[in-house]
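Structure first, commentary second.
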Amino acid sequence: MKEALTYIVKSIVEASDKIVVEEAEHSGLVEFTVHVPQDEIGKVIGKSGKVIRAIRNVLKIAAVKEQKKVTITLREV
């Protein structure tokens, strides 16, 4: 799932070399923290949060197959 999230976010932003994705797992809950440059974070969030919502939905599909839950948090670099 981490590779898929990294690929999706790097495809959206221009400064793909500055994207860092951290993963932590706690009893069936996988937490991803995506560090995005401040001037690029709007592209990842999208208008009214549509882009980040779509990314979360894609990862939820993969998480259901593994019987886990997933959360994604965005942080500015």
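By order of appearance in the structure tokens: chains A, B, ..., then residues from 1 within every chain, and ligands from 1 in the order shown.
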
Practice item. Excluding range 27-36 of chain A and any residue of its chain fewer than 3 positions from it, enumerate the residues within 8 Å of it, using only C-alpha atoms, and give them as a PyMOL selection string. Key: chain A and resi 2+18-24+40-41+67-77

Please produce a file of those selected residues containing N, CA and C atoms, as a short mmCIF file (atom, residue, chain, number, x, y, z; two decimals), in the first residue's frame.
```
data_model
loop_
_atom_site.label_atom_id
_atom_site.label_comp_id
_atom_site.auth_asym_id
_atom_site.auth_seq_id
_atom_site.Cartn_x
_atom_site.Cartn_y
_atom_site.Cartn_z
N LYS A 2 1.98 1.20 0.70
CA LYS A 2 2.86 2.38 0.77
C LYS A 2 3.38 2.74 -0.61
N LYS A 18 10.69 15.54 -3.19
CA LYS A 18 10.52 16.02 -1.81
C LYS A 18 9.40 15.30 -1.06
N ILE A 19 8.75 14.35 -1.70
CA ILE A 19 7.65 13.62 -1.07
C ILE A 19 8.22 12.51 -0.20
N VAL A 20 7.76 12.45 1.05
CA VAL A 20 8.16 11.40 1.97
C VAL A 20 6.90 10.78 2.55
N VAL A 21 6.82 9.45 2.51
CA VAL A 21 5.66 8.73 3.05
C VAL A 21 6.15 7.85 4.19
N GLU A 22 5.57 8.06 5.37
CA GLU A 22 5.91 7.24 6.54
C GLU A 22 4.74 6.32 6.84
N GLU A 23 5.05 5.11 7.30
CA GLU A 23 4.02 4.12 7.58
C GLU A 23 4.19 3.62 9.01
N ALA A 24 3.08 3.52 9.74
CA ALA A 24 3.08 2.95 11.08
C ALA A 24 1.85 2.07 11.21
N GLU A 40 2.79 22.67 -2.72
CA GLU A 40 2.21 21.57 -3.49
C GLU A 40 1.02 20.90 -2.78
N ILE A 41 0.81 21.22 -1.52
CA ILE A 41 -0.20 20.50 -0.74
C ILE A 41 -1.62 20.71 -1.28
N GLN A 67 -7.66 -7.03 5.29
CA GLN A 67 -8.43 -6.96 6.54
C GLN A 67 -7.81 -5.99 7.54
N LYS A 68 -7.51 -4.79 7.05
CA LYS A 68 -6.94 -3.73 7.88
C LYS A 68 -7.71 -2.45 7.64
N LYS A 69 -7.46 -1.47 8.48
CA LYS A 69 -8.00 -0.12 8.28
C LYS A 69 -6.83 0.80 7.98
N VAL A 70 -7.11 1.87 7.24
CA VAL A 70 -6.03 2.76 6.83
C VAL A 70 -6.45 4.22 7.05
N THR A 71 -5.49 5.03 7.48
CA THR A 71 -5.69 6.48 7.58
C THR A 71 -4.51 7.16 6.89
N ILE A 72 -4.81 8.33 6.31
CA ILE A 72 -3.78 9.12 5.63
C ILE A 72 -3.79 10.52 6.21
N THR A 73 -2.64 10.98 6.62
CA THR A 73 -2.48 12.33 7.15
C THR A 73 -1.48 13.09 6.28
N LEU A 74 -1.80 14.33 5.94
CA LEU A 74 -0.89 15.17 5.17
C LEU A 74 -0.16 16.13 6.10
N ARG A 75 1.12 16.28 5.89
CA ARG A 75 1.95 17.23 6.66
C ARG A 75 2.73 18.09 5.68
N GLU A 76 2.90 19.35 6.03
CA GLU A 76 3.71 20.25 5.22
C GLU A 76 5.17 20.08 5.54
N VAL A 77 6.00 20.18 4.53
CA VAL A 77 7.46 20.08 4.73
C VAL A 77 8.00 21.47 4.93
#
```

Exercise for review: Please provide as a list of chain:residue names all residues within 8 Å of Val44 in chain A, with the sequence filter that same-chain residues fewer than 4 positions apart are discarded (counting only C-alpha atoms).
Suggested key: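 Neighbouring residues, sequence-local ones excluded: A:Val9, A:Ile12, A:Val13, A:Glu40, A:Val51, A:Ile52.
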
**Study point:** All strand (DSSP E) residues (DSSP, backbone) inside range 3-62 of chain A, as a PyMOL selection string
**Key:** chain A and resi 20-26+29-36

Keeping C-alpha atoms, export the residues of the selection given above as a tab-separated table (two decimals), in the first residue's frame.
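Saved as part.tsv:
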```tsv
chain	number	residue	atom	x	y	z
A	20	VAL	CA	8.16	11.40	1.97
A	21	VAL	CA	5.66	8.73	3.05
A	22	GLU	CA	5.91	7.24	6.54
A	23	GLU	CA	4.02	4.12	7.58
A	24	ALA	CA	3.08	2.95	11.08
A	25	GLU	CA	0.91	-0.03	11.98
A	26	HIS	CA	-0.95	-0.49	15.26
A	29	LEU	CA	-4.70	0.11	11.70
A	30	VAL	CA	-2.17	1.34	9.14
A	31	GLU	CA	-1.35	5.04	9.48
A	32	PHE	CA	0.33	6.84	6.59
A	33	THR	CA	1.84	10.30	7.00
A	34	VAL	CA	2.62	12.03	3.72
A	35	HIS	CA	5.05	14.95	3.88
A	36	VAL	CA	4.34	17.35	1.02
```

Check your understanding: What is the CA of Gly46 in chain A-CA of Glu66 in chain A distance in Å, reported with one decimal?
Key ->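 We find that CA of Gly46 in chain A and CA of Glu66 in chain A lie 27.8 Å from each other.
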
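Computed from the coordinates, the CA of Val64 in chain A to CA of Pro37 in chain A distance equals 29.8 Å.
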
Review point. Which parts of chain A does DSSP call alpha helix (DSSP H) when run on the backbone here, written out as number ranges by chain?
Key: A: 2-12, 41-45, 50-65

Residues of the last selection are to be written out with N, CA, C and O atoms, as a compact mmCIF listing (two decimals), in the first residue's frame.
```txt
# COMPACT_ATOMS: atom_id res chain seq x y z
N LYS A 2 1.98 1.20 0.70
CA LYS A 2 2.86 2.38 0.77
C LYS A 2 3.38 2.74 -0.61
O LYS A 2 3.43 3.93 -0.95
N GLU A 3 3.74 1.74 -1.39
CA GLU A 3 4.26 2.00 -2.73
C GLU A 3 3.19 2.65 -3.61
O GLU A 3 3.47 3.56 -4.38
N ALA A 4 1.96 2.17 -3.49
CA ALA A 4 0.86 2.73 -4.28
C ALA A 4 0.60 4.18 -3.89
O ALA A 4 0.43 5.04 -4.76
N LEU A 5 0.58 4.46 -2.60
CA LEU A 5 0.36 5.83 -2.13
C LEU A 5 1.47 6.75 -2.59
O LEU A 5 1.22 7.86 -3.08
N THR A 6 2.70 6.29 -2.49
CA THR A 6 3.84 7.09 -2.93
C THR A 6 3.75 7.39 -4.42
O THR A 6 3.96 8.53 -4.85
N TYR A 7 3.41 6.39 -5.21
CA TYR A 7 3.29 6.57 -6.65
C TYR A 7 2.20 7.58 -7.00
O TYR A 7 2.39 8.47 -7.83
N ILE A 8 1.05 7.47 -6.35
CA ILE A 8 -0.07 8.37 -6.64
C ILE A 8 0.29 9.81 -6.30
O ILE A 8 0.08 10.72 -7.10
N VAL A 9 0.84 10.03 -5.12
CA VAL A 9 1.15 11.40 -4.69
C VAL A 9 2.26 12.00 -5.55
O VAL A 9 2.19 13.15 -5.96
N LYS A 10 3.28 11.21 -5.86
CA LYS A 10 4.37 11.71 -6.70
C LYS A 10 3.90 12.04 -8.11
O LYS A 10 4.46 12.91 -8.76
N SER A 11 2.87 11.36 -8.57
CA SER A 11 2.32 11.64 -9.90
C SER A 11 1.56 12.96 -9.93
O SER A 11 1.44 13.58 -10.98
N ILE A 12 1.05 13.38 -8.79
CA ILE A 12 0.25 14.60 -8.73
C ILE A 12 1.11 15.85 -8.63
O ILE A 12 0.82 16.86 -9.27
N ILE A 41 0.81 21.22 -1.52
CA ILE A 41 -0.20 20.50 -0.74
C ILE A 41 -1.62 20.71 -1.28
O ILE A 41 -2.47 19.83 -1.19
N GLY A 42 -1.86 21.85 -1.89
CA GLY A 42 -3.18 22.12 -2.47
C GLY A 42 -3.51 21.17 -3.61
O GLY A 42 -4.67 20.80 -3.80
N LYS A 43 -2.51 20.75 -4.36
CA LYS A 43 -2.73 19.80 -5.45
C LYS A 43 -3.14 18.44 -4.91
O LYS A 43 -3.95 17.75 -5.52
N VAL A 44 -2.56 18.06 -3.78
CA VAL A 44 -2.87 16.76 -3.20
C VAL A 44 -4.26 16.77 -2.55
O VAL A 44 -5.00 15.80 -2.64
N ILE A 45 -4.63 17.88 -1.95
CA ILE A 45 -5.95 17.98 -1.32
C ILE A 45 -7.03 18.10 -2.38
O ILE A 45 -8.06 17.45 -2.31
N LYS A 50 -11.48 16.71 -2.86
CA LYS A 50 -11.85 15.58 -3.72
C LYS A 50 -10.68 14.65 -4.03
O LYS A 50 -10.85 13.43 -4.09
N VAL A 51 -9.50 15.20 -4.24
CA VAL A 51 -8.35 14.38 -4.62
C VAL A 51 -7.91 13.50 -3.45
O VAL A 51 -7.74 12.28 -3.61
N ILE A 52 -7.75 14.07 -2.27
CA ILE A 52 -7.33 13.27 -1.12
C ILE A 52 -8.40 12.26 -0.74
O ILE A 52 -8.09 11.14 -0.33
N ARG A 53 -9.65 12.60 -0.93
CA ARG A 53 -10.74 11.65 -0.66
C ARG A 53 -10.65 10.45 -1.61
O ARG A 53 -10.82 9.30 -1.20
N ALA A 54 -10.35 10.72 -2.87
CA ALA A 54 -10.21 9.64 -3.86
C ALA A 54 -9.01 8.75 -3.53
O ALA A 54 -9.08 7.52 -3.63
N ILE A 55 -7.91 9.37 -3.11
CA ILE A 55 -6.72 8.60 -2.73
C ILE A 55 -7.05 7.70 -1.54
O ILE A 55 -6.68 6.52 -1.51
N ARG A 56 -7.74 8.24 -0.55
CA ARG A 56 -8.12 7.44 0.62
C ARG A 56 -9.02 6.27 0.22
O ARG A 56 -8.87 5.17 0.75
N ASN A 57 -9.94 6.51 -0.70
CA ASN A 57 -10.84 5.43 -1.14
C ASN A 57 -10.08 4.32 -1.86
O ASN A 57 -10.37 3.14 -1.66
N VAL A 58 -9.09 4.68 -2.66
CA VAL A 58 -8.29 3.67 -3.36
C VAL A 58 -7.52 2.82 -2.35
O VAL A 58 -7.47 1.59 -2.46
N LEU A 59 -6.94 3.46 -1.35
CA LEU A 59 -6.18 2.70 -0.36
C LEU A 59 -7.08 1.87 0.54
O LEU A 59 -6.67 0.83 1.03
N LYS A 60 -8.30 2.34 0.78
CA LYS A 60 -9.24 1.55 1.58
C LYS A 60 -9.56 0.23 0.89
O LYS A 60 -9.74 -0.79 1.56
N ILE A 61 -9.63 0.24 -0.43
CA ILE A 61 -9.89 -0.99 -1.17
C ILE A 61 -8.76 -2.00 -0.92
O ILE A 61 -9.02 -3.18 -0.65
N ALA A 62 -7.53 -1.54 -1.01
CA ALA A 62 -6.39 -2.42 -0.75
C ALA A 62 -6.37 -2.89 0.70
O ALA A 62 -6.02 -4.03 1.00
N ALA A 63 -6.76 -2.01 1.63
CA ALA A 63 -6.75 -2.36 3.05
C ALA A 63 -7.81 -3.41 3.37
O ALA A 63 -7.59 -4.31 4.18
N VAL A 64 -8.96 -3.33 2.72
CA VAL A 64 -10.02 -4.30 2.96
C VAL A 64 -9.56 -5.69 2.55
O VAL A 64 -9.87 -6.67 3.23
N LYS A 65 -8.82 -5.79 1.47
CA LYS A 65 -8.30 -7.08 1.02
C LYS A 65 -7.37 -7.70 2.07
O LYS A 65 -7.30 -8.90 2.20
```
